[in-house]
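Visitor: Pasting target-v6.cif here (mmCIF, C-alpha atoms):
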```cif
data_my_file
loop_
_atom_site.label_atom_id
_atom_site.label_comp_id
_atom_site.auth_asym_id
_atom_site.auth_seq_id
_atom_site.Cartn_x
_atom_site.Cartn_y
_atom_site.Cartn_z
CA MET M 1 81.20 174.28 34.67
CA SER M 2 77.81 175.96 35.01
CA PRO M 3 75.31 175.93 32.12
CA GLU M 4 75.75 179.70 31.77
CA ARG M 5 79.49 179.27 31.42
CA GLN M 6 79.10 176.44 28.91
CA THR M 7 76.76 178.58 26.83
CA ALA M 8 79.13 181.52 26.94
CA ALA M 9 82.00 179.29 25.93
CA GLY M 10 80.03 177.89 23.02
CA HIS M 11 79.14 181.40 21.86
CA ASP M 12 82.78 182.35 22.18
CA ALA M 13 83.67 179.44 19.88
CA ASP M 14 81.23 180.71 17.27
CA ARG M 15 82.48 184.29 17.50
CA HIS M 16 86.08 183.13 17.48
CA ALA M 17 85.71 181.14 14.28
CA ASN M 18 83.15 183.06 12.24
CA ARG M 19 81.30 186.29 11.70
CA PRO M 20 77.49 186.07 11.68
CA ASP M 21 77.53 185.93 7.88
CA GLY M 22 79.68 182.78 7.94
CA SER M 23 82.90 184.43 6.77
CA PRO M 24 86.12 183.97 8.78
CA HIS M 25 86.48 186.17 11.86
CA GLU M 26 89.13 188.86 11.66
CA GLY M 27 91.09 187.05 14.36
CA HIS M 28 91.16 183.98 12.15
CA THR M 29 92.89 184.62 8.86
CA MET M 30 92.98 181.82 6.34
CA GLY M 31 96.45 180.97 7.64
CA GLY M 32 95.02 180.63 11.13
CA ILE M 33 92.25 178.35 9.92
CA ASN M 34 94.78 176.24 8.02
CA ALA M 35 96.90 175.87 11.17
CA MET M 36 93.86 174.89 13.25
CA ALA M 37 92.75 172.40 10.59
CA LEU M 38 96.24 170.87 10.57
CA SER M 39 96.24 170.53 14.35
CA ALA M 40 92.70 169.12 14.45
CA THR M 41 93.47 166.57 11.73
CA LEU M 42 96.69 165.40 13.40
CA HIS M 43 94.84 165.06 16.70
CA CYS M 44 92.11 162.91 15.15
CA LEU M 45 94.66 160.92 13.17
CA THR M 46 96.61 160.02 16.30
CA GLY M 47 93.54 158.68 18.09
CA CYS M 48 92.44 156.74 15.02
CA ALA M 49 95.89 155.20 14.54
CA ILE M 50 96.12 154.11 18.18
CA GLY M 51 92.69 152.51 18.04
CA GLU M 52 93.29 150.79 14.72
CA ILE M 53 96.65 149.29 15.67
CA LEU M 54 95.30 148.14 19.04
CA GLY M 55 92.29 146.61 17.30
CA LEU M 56 94.52 144.71 14.89
CA VAL M 57 96.69 143.47 17.78
CA LEU M 58 93.65 142.26 19.74
CA GLY M 59 91.97 140.78 16.68
CA THR M 60 95.11 138.84 15.77
CA ALA M 61 95.59 137.65 19.35
CA MET M 62 91.99 136.44 19.58
CA GLY M 63 92.12 134.78 16.18
CA LEU M 64 89.29 136.87 14.72
CA SER M 65 88.54 136.93 11.02
CA THR M 66 89.67 139.86 8.87
CA GLY M 67 86.17 141.34 8.88
CA TRP M 68 85.74 141.21 12.65
CA THR M 69 89.28 142.48 13.21
CA THR M 70 88.57 145.44 10.94
CA ALA M 71 85.31 146.15 12.76
CA LEU M 72 87.10 146.07 16.12
CA ALA M 73 89.84 148.37 14.81
CA VAL M 74 87.27 150.90 13.54
CA LEU M 75 85.37 150.81 16.84
CA LEU M 76 88.54 151.45 18.83
CA ALA M 77 89.60 154.18 16.40
CA PHE M 78 86.41 156.11 17.19
CA LEU M 79 86.80 155.39 20.90
CA PHE M 80 90.37 156.67 21.12
CA GLY M 81 89.66 159.58 18.77
CA TYR M 82 86.80 160.76 20.98
CA THR M 83 88.76 160.11 24.18
CA LEU M 84 91.77 162.20 23.18
CA SER M 85 89.48 165.10 22.32
CA THR M 86 87.40 164.73 25.49
CA PHE M 87 90.33 164.85 27.93
CA PRO M 88 91.18 168.56 27.41
CA LEU M 89 87.54 169.62 27.75
CA VAL M 90 87.07 167.73 31.00
CA LYS M 91 90.30 169.20 32.30
CA ALA M 92 88.99 172.65 31.31
CA GLY M 93 86.00 172.17 33.59
CA LEU M 94 83.23 170.50 31.57
CA GLY M 95 81.45 167.43 32.86
CA ALA M 96 82.23 164.18 31.07
CA GLY M 97 78.80 164.04 29.43
CA ALA M 98 78.89 167.65 28.24
CA ALA M 99 82.44 167.26 26.95
CA LEU M 100 81.56 164.10 25.05
CA SER M 101 78.54 165.75 23.42
CA VAL M 102 80.75 168.58 22.16
CA VAL M 103 83.35 166.13 20.87
CA LEU M 104 80.73 164.01 19.09
CA ALA M 105 79.58 167.08 17.20
CA ALA M 106 83.12 168.27 16.50
CA ASP M 107 85.00 165.09 15.53
CA THR M 108 82.58 162.53 14.12
CA LEU M 109 82.77 163.62 10.48
CA SER M 110 86.56 163.91 10.60
CA ILE M 111 87.06 160.47 12.17
CA ALA M 112 84.51 158.86 9.84
CA THR M 113 86.31 160.29 6.81
CA MET M 114 89.62 158.95 8.07
CA GLU M 115 88.26 155.49 8.72
CA VAL M 116 86.62 155.15 5.31
CA VAL M 117 89.77 156.23 3.46
CA ASP M 118 92.17 154.34 5.72
CA ASN M 119 90.34 151.01 5.42
CA PHE M 120 89.80 151.46 1.68
CA VAL M 121 93.53 151.96 1.11
CA MET M 122 94.41 148.98 3.32
CA ALA M 123 91.92 146.86 1.38
CA VAL M 124 93.32 147.72 -2.05
CA ILE M 125 96.99 147.21 -1.14
CA PRO M 126 97.76 143.53 -1.89
CA GLY M 127 98.46 141.54 1.27
CA ALA M 128 98.02 144.47 3.66
CA MET M 129 94.96 143.09 5.47
CA GLU M 130 96.47 139.62 5.82
CA ALA M 131 99.95 140.76 6.89
CA GLY M 132 100.86 140.25 10.54
CA LEU M 133 102.20 142.93 12.84
CA VAL M 134 105.73 141.55 12.43
CA ASN M 135 105.58 142.17 8.71
CA SER M 136 106.96 145.20 6.92
CA ILE M 137 104.05 145.11 4.44
CA PHE M 138 101.64 145.91 7.27
CA TRP M 139 103.58 148.92 8.55
CA VAL M 140 104.30 150.38 5.12
CA SER M 141 100.65 149.91 4.14
CA MET M 142 99.49 151.51 7.39
CA MET M 143 101.74 154.52 6.78
CA ILE M 144 100.33 154.94 3.27
CA ALA M 145 96.75 154.52 4.52
CA LEU M 146 97.14 157.03 7.36
CA THR M 147 98.74 159.55 5.01
CA ALA M 148 95.80 159.18 2.63
CA ALA M 149 93.37 159.48 5.56
CA PHE M 150 95.06 162.69 6.70
CA ALA M 151 94.91 164.14 3.18
CA ALA M 152 91.18 163.35 2.99
CA ALA M 153 90.27 164.64 6.47
CA TYR M 154 92.24 167.90 6.34
CA PRO M 155 89.92 169.68 3.88
CA VAL M 156 86.94 168.37 5.85
CA ASN M 157 88.25 169.93 9.06
CA ARG M 158 89.19 173.11 7.24
CA TYR M 159 85.67 173.44 5.82
CA LEU M 160 84.09 172.83 9.23
CA LEU M 161 86.34 175.41 10.89
CA HIS M 162 85.55 177.94 8.18
CA ARG M 163 81.86 177.41 8.97
CA GLY M 164 82.41 177.75 12.72
CA LYS M 165 81.90 174.02 13.30
CA GLY M 166 84.16 171.03 13.94
CA HIS M 167 87.05 171.89 16.23
CA ALA M 168 85.88 175.49 16.38
CA LEU M 169 83.29 174.17 18.87
CA THR M 170 85.97 172.85 21.22
CA HIS M 171 88.27 175.84 20.81
CA GLY M 172 85.92 178.13 22.70
CA TYR M 173 85.92 175.82 25.71
CA HIS M 174 89.70 175.81 25.79
CA ARG M 175 89.66 179.61 25.84
CA ALA M 176 87.13 179.57 28.67
CA ALA M 177 89.22 177.18 30.77
CA PRO M 178 90.12 178.36 34.29
CA GLY M 179 93.67 179.42 34.87
CA GLN M 180 94.22 176.82 37.57
CA VAL M 181 93.09 173.22 37.39
CA THR M 182 92.21 171.67 40.75
CA GLY M 183 90.98 168.36 42.10
CA ALA M 184 91.09 165.14 40.14
CA ARG M 185 91.25 167.10 36.87
CA ARG M 186 94.93 167.76 37.58
CA PHE M 187 95.69 164.13 36.74
CA ILE M 188 94.15 164.26 33.27
CA PRO M 189 97.06 164.17 30.80
CA ASP M 190 97.65 167.36 28.85
CA LEU M 191 98.95 165.99 25.55
CA SER M 192 99.79 168.42 22.80
CA THR M 193 99.08 167.56 19.19
CA ALA M 194 102.80 167.77 18.37
CA ALA M 195 103.65 165.29 21.14
CA LEU M 196 100.93 162.88 20.01
CA ALA M 197 102.05 163.08 16.38
CA ALA M 198 105.70 162.54 17.35
CA ALA M 199 104.77 159.52 19.45
CA LEU M 200 102.72 158.09 16.57
CA VAL M 201 105.57 158.51 14.07
CA ALA M 202 108.06 156.96 16.50
CA PHE M 203 105.75 154.02 17.13
CA MET M 204 105.17 153.40 13.42
CA LEU M 205 108.88 153.59 12.63
CA GLY M 206 109.59 151.29 15.58
CA GLY M 207 107.11 148.73 14.31
CA LEU M 208 108.60 148.89 10.82
CA THR M 209 112.13 148.51 12.18
CA VAL M 210 111.21 145.49 14.28
CA SER M 211 109.39 143.82 11.39
CA VAL M 212 112.29 144.38 8.97
CA ALA M 213 114.78 143.05 11.54
CA ALA M 214 112.62 139.96 12.09
CA GLU M 215 112.37 139.32 8.36
CA LEU M 216 116.13 139.70 7.92
CA ASN M 217 116.75 137.39 10.86
CA ASN M 218 114.44 134.73 9.40
CA SER M 219 116.20 135.06 6.06
CA ASN M 220 119.64 134.67 7.64
CA ASP M 221 118.50 131.69 9.70
CA THR M 222 117.33 129.72 6.67
CA GLU M 223 120.54 130.12 4.68
CA PRO M 224 122.89 128.23 7.09
CA LEU M 225 120.26 125.52 7.43
CA THR M 226 120.16 125.11 3.65
CA HIS M 227 123.95 124.92 3.42
CA ALA M 228 124.11 122.38 6.26
CA ARG M 229 121.56 120.18 4.55
CA ALA M 230 123.45 120.44 1.28
CA ALA M 231 126.70 119.39 3.00
CA ALA M 232 124.95 116.48 4.72
CA ASN M 233 123.51 115.32 1.43
CA ALA M 234 126.94 115.51 -0.19
CA ARG M 235 128.51 113.40 2.60
CA HIS M 236 125.68 110.89 2.27
CA VAL M 237 126.32 110.53 -1.46
CA LEU M 238 130.09 110.08 -0.99
CA THR M 239 129.58 107.48 1.76
CA SER M 240 127.14 105.52 -0.34
CA ALA M 241 129.54 105.49 -3.26
#
```
Turn this file's structure into structure tokens for me.
Guide:
Amino acid sequence: MSPERQTAAGHDADRHANRPDGSPHEGHTMGGINAMALSATLHCLTGCAIGEILGLVLGTAMGLSTGWTTALAVLLAFLFGYTLSTFPLVKAGLGAGAALSVVLAADTLSIATMEVVDNFVMAVIPGAMEAGLVNSIFWVSMMIALTAAFAAAYPVNRYLLHRGKGHALTHGYHRAAPGQVTGARRFIPDLSTAALAAALVAFMLGGLTVSVAAELNNSNDTEPLTHARAAANARHVLTSA
């Protein structure tokens, strides 16, 4: 995309979100801003959740301490959050560097808010940080933490959109996208926010289901062993007598 086109797209984002006086544009009622804030928050939340869970998996596999595992999870949360927002802009015609600069300006505050709240909630829930991935405490705690992170980031995104910032910056580039995507850009995945959110919910519920099944299986395995030992002890006593 040429510099002139990028500039025009950026101006379109500003006009689309706000009037010059900072009030909402007539094309963006408060309901429209609320819907955009919801979509933007879900999009950021999905990237953050993917990065955090992957960071915890890698940290556990490498035997890292809780502090280093948390740091890795936060780093990957930012990485995946930025990546999911960069893909549509690159597909729309921006260069990777230009797209990333727009995303950094649009998403950093939202992702940072999510990470602070998410990690705080995980830290205050007893046993959440020490629980393994095959542990229902981890998944329930993660669901609570992500819900709290969403609740905290939504008003942040809504405020930014109302001011013509945040995801309002990326919206103009989507509107300026060419009608036909050609070349290697065709292979960039076009993932809707609804699809990402559905995949996240399914993954979280799957992890919870597997952990509960594993815990039930471990519980069932120990009971027969206890009964067998009790029977062996009883036979030993009778034989000795």
Visitor: Show me, as a list in words, the residues that have an atom within 7 Å of stretch 93-108 of chain M when counting all atoms listed in the file, minus same-chain residues fewer than 2 positions from it.
Guide: Met1, Tyr82, Ser85, Thr86, Leu89, Val90, Lys91, Ser110, Ile111, Ala112, Lys165, Gly166, His167, Leu169, Thr170 and Ala177 of chain M
Visitor: Could you write out that same residue set with C-alpha atoms as a compact mmCIF listing (two decimals), in the coordinates of the input?
Guide:
```txt
# COMPACT_ATOMS: atom_id res chain seq x y z
CA MET M 1 81.20 174.28 34.67
CA TYR M 82 86.80 160.76 20.98
CA SER M 85 89.48 165.10 22.32
CA THR M 86 87.40 164.73 25.49
CA LEU M 89 87.54 169.62 27.75
CA VAL M 90 87.07 167.73 31.00
CA LYS M 91 90.30 169.20 32.30
CA SER M 110 86.56 163.91 10.60
CA ILE M 111 87.06 160.47 12.17
CA ALA M 112 84.51 158.86 9.84
CA LYS M 165 81.90 174.02 13.30
CA GLY M 166 84.16 171.03 13.94
CA HIS M 167 87.05 171.89 16.23
CA LEU M 169 83.29 174.17 18.87
CA THR M 170 85.97 172.85 21.22
CA ALA M 177 89.22 177.18 30.77
```
Visitor: Since I can't run it myself right now, could you work out what the PyMOL selection byres ((chain M and resi 115) around 8) selects here and report it as a ChimeraX atom specification?
Guide: /M:48,74,77,111-114,116-119,149
Visitor: Here's the selection I'm unsure about, the PyMOL selection byres ((chain M and resi 201) around 12); applied to the file above, which residues does it give, as a list of chain:residue names?
Guide: M:Leu42, M:Leu45, M:Thr46, M:Ala49, M:Ile50, M:Trp139, M:Met142, M:Met143, M:Leu146, M:Thr147, M:Ala194, M:Ala195, M:Leu196, M:Ala197, M:Ala198, M:Ala199, M:Leu200, M:Ala202, M:Phe203, M:Met204, M:Leu205, M:Gly206, M:Gly207, M:Leu208
Visitor: Skip M:Thr60 itself and residues of its chain fewer than 3 positions away, then list as a ChimeraX atom specification all residues within 12 Å of it, counting only C-alpha atoms.
Guide: /M:53-57,63-70,72-73,129-134
Visitor: Would you mind reading off the distance between atom CA of M:Met122 and atom CA of M:Val212, one decimal, in Å?
Guide: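 That distance, rounded to one decimal, is 19.3 Å.
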Visitor: Between M:Pro126, M:Gly59, M:Pro155, M:Gly47, which has the minimum distance to M:Ala35 (counting only C-alpha atoms)?
Guide: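 Of M:Pro126, M:Gly59, M:Pro155, M:Gly47, the one nearest M:Ala35, counting only C-alpha atoms, is M:Pro155.
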Visitor: Using atom CA of M:Ser192 and atom CA of M:Phe87 as the two end points, give the distance in Å to one decimal.
Guide: 11.3 Å
Visitor: Go through M:Ala61, M:Asn135, M:Asp190, M:His162 and flag the residue nearest M:Asn218, using all atoms listed in the file for the distances.
Guide: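 Ranked by minimum distance to M:Asn218, first place goes to M:Asn135.
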Visitor: Suppose you want the space between atom CA of M:Val140 and atom CA of M:Leu38; what is it in Å?
Guide: 22.7 Å
Visitor: Check the smallest atom-to-atom distance from each of M:Ile137, M:Leu84, M:Ala128, M:Met62 to M:Pro189 using all atoms listed in the file, then report the winner.
Guide: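 Counting all atoms listed in the file, the residue closest to M:Pro189 is M:Leu84.
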